[in-house]
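Undergrad: Have a peek at work-v5.tsv (TSV, N, CA and C atoms).
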chain	number	residue	atom	x	y	z
C	1	MET	N	41.02	224.76	64.60
C	1	MET	CA	39.60	224.49	64.51
C	1	MET	C	38.84	225.80	64.69
C	2	ASN	N	37.95	226.07	63.79
C	2	ASN	CA	36.99	227.16	63.94
C	2	ASN	C	35.72	226.52	64.50
C	3	MET	N	35.32	226.96	65.70
C	3	MET	CA	34.20	226.30	66.38
C	3	MET	C	32.91	226.36	65.57
C	4	GLN	N	32.59	227.50	64.99
C	4	GLN	CA	31.35	227.60	64.22
C	4	GLN	C	31.39	226.71	62.99
C	5	GLU	N	32.54	226.64	62.32
C	5	GLU	CA	32.66	225.75	61.16
C	5	GLU	C	32.49	224.29	61.57
C	6	GLN	N	33.03	223.92	62.74
C	6	GLN	CA	32.88	222.54	63.22
C	6	GLN	C	31.41	222.23	63.49
C	7	ILE	N	30.71	223.15	64.13
C	7	ILE	CA	29.29	222.95	64.40
C	7	ILE	C	28.52	222.83	63.09
C	8	ASN	N	28.81	223.71	62.14
C	8	ASN	CA	28.13	223.65	60.84
C	8	ASN	C	28.38	222.32	60.15
C	9	ALA	N	29.60	221.80	60.25
C	9	ALA	CA	29.91	220.49	59.63
C	9	ALA	C	29.10	219.38	60.31
C	10	TRP	N	29.02	219.41	61.63
C	10	TRP	CA	28.23	218.40	62.34
C	10	TRP	C	26.76	218.45	61.91
C	11	LYS	N	26.27	219.65	61.70
C	11	LYS	CA	24.85	219.81	61.32
C	11	LYS	C	24.54	219.23	59.94
C	12	GLN	N	25.55	218.99	59.13
C	12	GLN	CA	25.33	218.38	57.81
C	12	GLN	C	25.01	216.89	57.92
C	13	ASP	N	25.35	216.28	59.04
C	13	ASP	CA	25.08	214.87	59.27
C	13	ASP	C	23.58	214.68	59.52
C	14	PRO	N	22.91	213.83	58.73
C	14	PRO	CA	21.47	213.62	58.90
C	14	PRO	C	21.09	213.11	60.30
C	15	GLU	N	22.03	212.48	61.00
C	15	GLU	CA	21.76	211.97	62.34
C	15	GLU	C	21.83	213.06	63.42
C	16	PHE	N	22.36	214.21	63.05
C	16	PHE	CA	22.56	215.29	64.02
C	16	PHE	C	21.27	215.64	64.74
C	17	ILE	N	20.21	215.93	64.01
C	17	ILE	CA	18.97	216.39	64.65
C	17	ILE	C	18.29	215.32	65.48
C	18	LYS	N	18.63	214.06	65.23
C	18	LYS	CA	18.07	212.97	66.04
C	18	LYS	C	18.81	212.81	67.36
C	19	ASN	N	20.01	213.37	67.45
C	19	ASN	CA	20.87	213.10	68.59
C	19	ASN	C	21.33	214.32	69.38
C	20	VAL	N	21.09	215.51	68.86
C	20	VAL	CA	21.66	216.70	69.51
C	20	VAL	C	20.58	217.70	69.89
C	21	GLY	N	20.58	218.05	71.18
C	21	GLY	CA	19.71	219.09	71.69
C	21	GLY	C	20.51	220.22	72.31
C	22	MET	N	21.83	220.01	72.40
C	22	MET	CA	22.68	221.04	73.01
C	22	MET	C	24.12	220.85	72.58
C	23	ILE	N	24.81	221.97	72.39
C	23	ILE	CA	26.25	221.98	72.17
C	23	ILE	C	26.84	222.97	73.17
C	24	LEU	N	27.86	222.52	73.89
C	24	LEU	CA	28.59	223.43	74.77
C	24	LEU	C	29.99	223.63	74.22
C	25	CYS	N	30.48	224.85	74.37
C	25	CYS	CA	31.81	225.21	73.88
C	25	CYS	C	32.66	225.72	75.04
C	26	HIS	N	33.92	225.33	75.03
C	26	HIS	CA	34.90	225.83	75.99
C	26	HIS	C	36.01	226.48	75.20
C	27	ASN	N	36.42	227.69	75.61
C	27	ASN	CA	37.55	228.37	75.01
C	27	ASN	C	38.46	228.83	76.14
C	28	GLY	N	39.46	228.01	76.46
C	28	GLY	CA	40.42	228.36	77.50
C	28	GLY	C	41.40	229.38	76.96
C	29	ILE	N	41.68	230.39	77.76
C	29	ILE	CA	42.52	231.52	77.35
C	29	ILE	C	43.60	231.74	78.40
C	30	VAL	N	44.79	232.15	77.97
C	30	VAL	CA	45.87	232.47	78.89
C	30	VAL	C	45.48	233.70	79.71
C	31	ARG	N	45.47	233.54	81.04
C	31	ARG	CA	45.18	234.65	81.95
C	31	ARG	C	46.38	235.55	82.09
C	32	GLY	N	46.16	236.80	82.44
C	32	GLY	CA	47.24	237.75	82.67
C	32	GLY	C	47.75	237.74	84.10
C	33	THR	N	47.10	236.96	84.97
C	33	THR	CA	47.54	236.82	86.36
C	33	THR	C	47.52	235.35	86.75
C	34	SER	N	48.37	234.98	87.69
C	34	SER	CA	48.42	233.60	88.16
C	34	SER	C	47.16	233.30	88.97
C	35	ARG	N	46.81	232.04	89.01
C	35	ARG	CA	45.57	231.60	89.63
C	35	ARG	C	45.53	231.90	91.13
C	36	GLY	N	46.57	231.55	91.85
C	36	GLY	CA	46.53	231.66	93.30
C	36	GLY	C	46.83	233.05	93.84
C	37	ASP	N	48.03	233.54	93.55
C	37	ASP	CA	48.47	234.80	94.17
C	37	ASP	C	48.29	236.02	93.28
C	38	LYS	N	47.74	235.83	92.10
C	38	LYS	CA	47.43	236.92	91.17
C	38	LYS	C	48.66	237.70	90.70
C	39	LYS	N	49.82	237.03	90.67
C	39	LYS	CA	51.01	237.68	90.13
C	39	LYS	C	50.85	237.84	88.62
C	40	GLU	N	51.54	238.84	88.08
C	40	GLU	CA	51.44	239.10	86.63
C	40	GLU	C	52.08	237.95	85.85
C	41	VAL	N	51.34	237.45	84.87
C	41	VAL	CA	51.83	236.40	83.98
C	41	VAL	C	52.16	237.04	82.64
C	42	VAL	N	53.38	236.80	82.15
C	42	VAL	CA	53.76	237.35	80.85
C	42	VAL	C	53.65	236.30	79.75
C	43	GLY	N	53.48	235.05	80.15
C	43	GLY	CA	53.32	233.98	79.18
C	43	GLY	C	53.19	232.63	79.84
C	44	VAL	N	52.90	231.63	79.04
C	44	VAL	CA	52.88	230.25	79.50
C	44	VAL	C	53.55	229.38	78.45
C	45	ARG	N	54.18	228.35	78.92
C	45	ARG	CA	54.78	227.35	78.03
C	45	ARG	C	53.89	226.11	78.15
C	46	VAL	N	53.24	225.76	77.05
C	46	VAL	CA	52.24	224.68	77.07
C	46	VAL	C	52.74	223.52	76.22
C	47	THR	N	52.61	222.31	76.79
C	47	THR	CA	53.00	221.10	76.08
C	47	THR	C	51.83	220.13	76.06
C	48	PRO	N	51.06	220.10	74.97
C	48	PRO	CA	49.95	219.16	74.88
C	48	PRO	C	50.46	217.79	74.40
C	49	ASP	N	49.88	216.73	74.93
C	49	ASP	CA	50.10	215.37	74.43
C	49	ASP	C	48.94	215.09	73.48
C	50	TYR	N	49.15	215.37	72.20
C	50	TYR	CA	48.06	215.29	71.22
C	50	TYR	C	47.49	213.88	71.09
C	51	ASP	N	48.33	212.86	71.21
C	51	ASP	CA	47.83	211.48	71.13
C	51	ASP	C	46.91	211.17	72.30
C	52	LYS	N	47.30	211.60	73.50
C	52	LYS	CA	46.47	211.37	74.69
C	52	LYS	C	45.17	212.17	74.59
C	53	ILE	N	45.25	213.38	74.10
C	53	ILE	CA	44.04	214.19	73.93
C	53	ILE	C	43.08	213.49	72.99
C	54	GLU	N	43.58	212.95	71.88
C	54	GLU	CA	42.72	212.24	70.93
C	54	GLU	C	42.12	210.99	71.56
C	55	GLU	N	42.90	210.29	72.35
C	55	GLU	CA	42.39	209.10	73.04
C	55	GLU	C	41.24	209.48	73.99
C	56	ILE	N	41.43	210.53	74.75
C	56	ILE	CA	40.39	211.00	75.69
C	56	ILE	C	39.16	211.46	74.91
C	57	ARG	N	39.37	212.25	73.85
C	57	ARG	CA	38.26	212.76	73.04
C	57	ARG	C	37.43	211.60	72.49
C	58	ALA	N	38.09	210.63	71.90
C	58	ALA	CA	37.39	209.49	71.29
C	58	ALA	C	36.63	208.68	72.34
C	59	ASP	N	37.23	208.52	73.52
C	59	ASP	CA	36.55	207.78	74.58
C	59	ASP	C	35.26	208.48	75.02
C	60	PHE	N	35.32	209.79	75.18
C	60	PHE	CA	34.12	210.53	75.58
C	60	PHE	C	33.07	210.47	74.49
C	61	GLU	N	33.49	210.62	73.24
C	61	GLU	CA	32.53	210.58	72.14
C	61	GLU	C	31.84	209.22	72.06
C	62	LYS	N	32.57	208.17	72.36
C	62	LYS	CA	32.02	206.82	72.26
C	62	LYS	C	31.24	206.40	73.51
C	63	ASN	N	31.70	206.81	74.70
C	63	ASN	CA	31.18	206.22	75.93
C	63	ASN	C	30.42	207.14	76.87
C	64	ALA	N	30.53	208.45	76.73
C	64	ALA	CA	29.83	209.34	77.65
C	64	ALA	C	28.33	209.30	77.35
C	65	PRO	N	27.49	209.18	78.36
C	65	PRO	CA	26.04	209.08	78.15
C	65	PRO	C	25.48	210.27	77.37
C	66	GLY	N	24.76	209.98	76.29
C	66	GLY	CA	24.06	211.00	75.52
C	66	GLY	C	24.93	211.86	74.61
C	67	ILE	N	26.21	211.58	74.55
C	67	ILE	CA	27.11	212.43	73.76
C	67	ILE	C	27.20	211.91	72.33
C	68	TYR	N	27.04	212.82	71.40
C	68	TYR	CA	27.04	212.49	69.97
C	68	TYR	C	28.38	212.80	69.30
C	69	ARG	N	28.93	213.97	69.55
C	69	ARG	CA	30.21	214.36	68.95
C	69	ARG	C	31.02	215.19	69.95
C	70	VAL	N	32.35	215.05	69.84
C	70	VAL	CA	33.29	215.82	70.65
C	70	VAL	C	34.42	216.28	69.74
C	71	ALA	N	34.80	217.55	69.85
C	71	ALA	CA	35.95	218.08	69.12
C	71	ALA	C	36.85	218.81	70.11
C	72	VAL	N	38.16	218.64	69.93
C	72	VAL	CA	39.14	219.27	70.81
C	72	VAL	C	40.28	219.83	69.97
C	73	LYS	N	40.72	221.03	70.31
C	73	LYS	CA	41.90	221.64	69.69
C	73	LYS	C	42.73	222.23	70.82
C	74	ALA	N	43.95	221.72	71.00
C	74	ALA	CA	44.85	222.25	72.02
C	74	ALA	C	45.99	223.00	71.34
C	75	PHE	N	46.37	224.12	71.92
C	75	PHE	CA	47.46	224.94	71.41
C	75	PHE	C	48.69	224.71	72.27
C	76	GLY	N	49.83	224.63	71.64
C	76	GLY	CA	51.06	224.40	72.38
C	76	GLY	C	52.10	225.46	72.07
C	77	GLY	N	53.18	225.43	72.85
C	77	GLY	CA	54.27	226.36	72.65
C	77	GLY	C	54.25	227.48	73.67
C	78	ASP	N	54.93	228.56	73.33
C	78	ASP	CA	54.98	229.74	74.20
C	78	ASP	C	53.84	230.67	73.82
C	79	LEU	N	52.92	230.86	74.75
C	79	LEU	CA	51.73	231.68	74.52
C	79	LEU	C	51.73	232.86	75.48
C	80	LYS	N	51.01	233.90	75.10
C	80	LYS	CA	50.95	235.11	75.94
C	80	LYS	C	49.51	235.34	76.40
C	81	PRO	N	49.34	236.18	77.44
C	81	PRO	CA	47.99	236.45	77.91
C	81	PRO	C	47.07	236.89	76.77
C	82	GLY	N	45.88	236.32	76.77
C	82	GLY	CA	44.90	236.59	75.73
C	82	GLY	C	44.88	235.54	74.64
C	83	ASP	N	45.96	234.75	74.51
C	83	ASP	CA	45.99	233.69	73.50
C	83	ASP	C	45.07	232.54	73.89
C	84	ASP	N	44.54	231.88	72.88
C	84	ASP	CA	43.72	230.68	73.11
C	84	ASP	C	44.61	229.52	73.51
C	85	LEU	N	44.12	228.72	74.48
C	85	LEU	CA	44.83	227.54	74.97
C	85	LEU	C	44.17	226.25	74.52
C	86	LEU	N	42.83	226.20	74.63
C	86	LEU	CA	42.13	224.94	74.43
C	86	LEU	C	40.69	225.21	74.00
C	87	TYR	N	40.31	224.59	72.89
C	87	TYR	CA	38.91	224.61	72.45
C	87	TYR	C	38.33	223.21	72.67
C	88	ILE	N	37.12	223.17	73.21
C	88	ILE	CA	36.38	221.91	73.33
C	88	ILE	C	34.95	222.18	72.90
C	89	LEU	N	34.42	221.29	72.06
C	89	LEU	CA	33.00	221.31	71.69
C	89	LEU	C	32.41	219.96	72.06
C	90	VAL	N	31.27	219.97	72.73
C	90	VAL	CA	30.58	218.74	73.09
C	90	VAL	C	29.12	218.88	72.65
C	91	ALA	N	28.67	217.95	71.79
C	91	ALA	CA	27.29	217.93	71.31
C	91	ALA	C	26.61	216.68	71.85
C	92	GLY	N	25.42	216.86	72.38
C	92	GLY	CA	24.71	215.71	72.92
C	92	GLY	C	23.23	215.95	73.06
C	93	ASP	N	22.59	214.99	73.69
C	93	ASP	CA	21.13	214.96	73.72
C	93	ASP	C	20.50	215.99	74.66
C	94	ILE	N	20.87	215.95	75.94
C	94	ILE	CA	20.22	216.83	76.92
C	94	ILE	C	21.26	217.57	77.76
C	95	ARG	N	20.82	218.65	78.35
C	95	ARG	CA	21.68	219.54	79.13
C	95	ARG	C	22.50	218.80	80.20
C	96	GLU	N	21.86	217.95	80.96
C	96	GLU	CA	22.55	217.27	82.05
C	96	GLU	C	23.72	216.43	81.54
C	97	ASN	N	23.54	215.75	80.43
C	97	ASN	CA	24.61	214.91	79.88
C	97	ASN	C	25.74	215.75	79.27
C	98	VAL	N	25.37	216.81	78.56
C	98	VAL	CA	26.38	217.63	77.89
C	98	VAL	C	27.20	218.41	78.90
C	99	LYS	N	26.56	218.99	79.90
C	99	LYS	CA	27.29	219.74	80.93
C	99	LYS	C	28.27	218.84	81.67
C	100	ALA	N	27.80	217.66	82.07
C	100	ALA	CA	28.66	216.73	82.80
C	100	ALA	C	29.84	216.27	81.94
C	101	ALA	N	29.58	215.97	80.68
C	101	ALA	CA	30.64	215.50	79.80
C	101	ALA	C	31.69	216.58	79.58
C	102	LEU	N	31.28	217.81	79.33
C	102	LEU	CA	32.24	218.88	79.11
C	102	LEU	C	33.11	219.08	80.35
C	103	SER	N	32.51	219.10	81.49
C	103	SER	CA	33.25	219.31	82.73
C	103	SER	C	34.26	218.19	82.96
C	104	GLU	N	33.82	216.96	82.83
C	104	GLU	CA	34.71	215.82	83.03
C	104	GLU	C	35.82	215.77	81.98
C	105	LEU	N	35.46	216.04	80.73
C	105	LEU	CA	36.43	216.03	79.64
C	105	LEU	C	37.50	217.09	79.85
C	106	LEU	N	37.10	218.30	80.19
C	106	LEU	CA	38.03	219.39	80.44
C	106	LEU	C	39.00	219.02	81.57
C	107	ASP	N	38.48	218.53	82.67
C	107	ASP	CA	39.33	218.17	83.80
C	107	ASP	C	40.30	217.05	83.43
C	108	LYS	N	39.85	216.09	82.68
C	108	LYS	CA	40.70	214.95	82.29
C	108	LYS	C	41.81	215.40	81.34
C	109	ILE	N	41.48	216.22	80.36
C	109	ILE	CA	42.50	216.72	79.44
C	109	ILE	C	43.54	217.54	80.20
C	110	LYS	N	43.08	218.45	81.06
C	110	LYS	CA	44.00	219.32	81.79
C	110	LYS	C	44.90	218.51	82.74
C	111	SER	N	44.37	217.46	83.35
C	111	SER	CA	45.17	216.71	84.32
C	111	SER	C	46.03	215.63	83.69
C	112	GLU	N	45.63	215.09	82.53
C	112	GLU	CA	46.33	213.94	81.97
C	112	GLU	C	47.06	214.21	80.65
C	113	ALA	N	46.75	215.31	79.97
C	113	ALA	CA	47.27	215.45	78.61
C	113	ALA	C	47.88	216.81	78.28
C	114	VAL	N	47.93	217.73	79.25
C	114	VAL	CA	48.51	219.04	78.98
C	114	VAL	C	49.36	219.45	80.19
C	115	SER	N	50.59	219.86	79.91
C	115	SER	CA	51.39	220.46	80.97
C	115	SER	C	51.58	221.94	80.63
C	116	LYS	N	51.61	222.75	81.69
C	116	LYS	CA	51.66	224.20	81.49
C	116	LYS	C	52.56	224.82	82.54
C	117	GLU	N	53.46	225.68	82.10
C	117	GLU	CA	54.35	226.40	83.00
C	117	GLU	C	54.11	227.89	82.83
C	118	GLU	N	53.70	228.56	83.91
C	118	GLU	CA	53.50	230.00	83.86
C	118	GLU	C	54.84	230.73	83.90
C	119	LEU	N	54.95	231.77	83.11
C	119	LEU	CA	56.13	232.63	83.14
C	119	LEU	C	55.71	233.95	83.77
C	120	LEU	N	56.19	234.19	84.99
C	120	LEU	CA	55.78	235.38	85.72
C	120	LEU	C	56.65	236.58	85.36
C	121	ALA	N	56.11	237.77	85.57
C	121	ALA	CA	56.80	239.02	85.18
C	121	ALA	C	58.19	239.10	85.82
C	122	ALA	N	58.34	238.72	87.05
C	122	ALA	CA	59.63	238.80	87.75
C	122	ALA	C	60.64	237.81	87.17
C	123	GLU	N	60.15	236.75	86.52
C	123	GLU	CA	61.02	235.70	85.99
C	123	GLU	C	61.42	235.95	84.53
C	124	ALA	N	60.72	236.85	83.88
C	124	ALA	CA	60.94	237.06	82.42
C	124	ALA	C	62.22	237.80	82.12
Show me, as structure tokens, the structure contained in the file I just sent.

TA:
Amino acid sequence: MNMQEQINAWKQDPEFIKNVGMILCHNGIVRGTSRGDKKEVVGVRVTPDYDKIEEIRADFEKNAPGIYRVAVKAFGGDLKPGDDLLYILVAGDIRENVKAALSELLDKIKSEAVSKEELLAAEA
């Protein structure tokens, strides 16, 4: 998914301007250090559950207050620092609704639909 192309496609919908006042984008990237102890990370092994991600995406698009469209792209396999992990786009009516939806959606995808194993420099 190219985020700008997705936004441009959404804007072609005549209902877009009636329903969207904000779009937030998330671009998760592989860090070069581990979260807790800051050890060097040489890669991550990512396993997305694409069916679960689609289920979560569709639920947020349908049921989250004020949300008009949601797009998600998860990357899987062996990735290295600097690689993209997860794209999320959330379009909705007002800031409060869009911010809350993106935050909740991100947390839900990460906890329920993606597993990730860090490969540390000492382990490589």

Undergrad: What gap, in Å, lies between atom CA of Val20 of chain C and atom CA of Ile7 of chain C?

TA: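 So the two atoms, atom CA of Val20 of chain C and atom CA of Ile7 of chain C, lie 11.1 Å apart.
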
Undergrad: Using only C-alpha atoms, which residues sit within 12 Å of Glu96 of chain C once same-chain residues fewer than 3 positions away are excluded, as a ChimeraX atom specification?

TA: /C:21-24,64-67,91-93,99-103

Undergrad: Using backbone DSSP assignments, extract all strand (DSSP E or B) residues from chain C; output them as an MDAnalysis selection string.

TA: chainID C and resid 22:29 33 40:48 67:74 77:79 84:92 114:120

Undergrad: Would you list the contacts of Asn27 of chain C as a ChimeraX atom specification, taking every protein, DNA or RNA residue within 6 Å and counting only N, CA and C atoms, but skipping same-chain residues closer than 5 positions in sequence?

TA: /C:85-88

Undergrad: Please identify the helix (DSSP H, G or I) residues within chain C (assignment by DSSP from backbone atoms) and present them as number ranges by chain.

TA: C: 3-11, 16-19, 50-63, 95-112, 121-123

Undergrad: Please measure the separation of atom C of Asp83 of chain C and atom C of Gly28 of chain C, giving the value in Å to one decimal.

TA: 5.7 Å

Undergrad: In Å, with one decimal, what is the gap from atom N of Glu55 of chain C to atom N of Val90 of chain C?

TA: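 Atom-to-atom, atom N of Glu55 of chain C and atom N of Val90 of chain C are spaced 15.1 Å apart.
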
Undergrad: Given 8 Å on each side, where is the centre and what are the edge lengths in Å to one decimal of the axis-aligned box enclosing the listed atoms of segment 88-100 of chain C, as JSON?

TA:
{"center_x": 28.7, "center_y": 219.0, "center_z": 77.1, "size_x": 32.9, "size_y": 24.3, "size_z": 27.5}
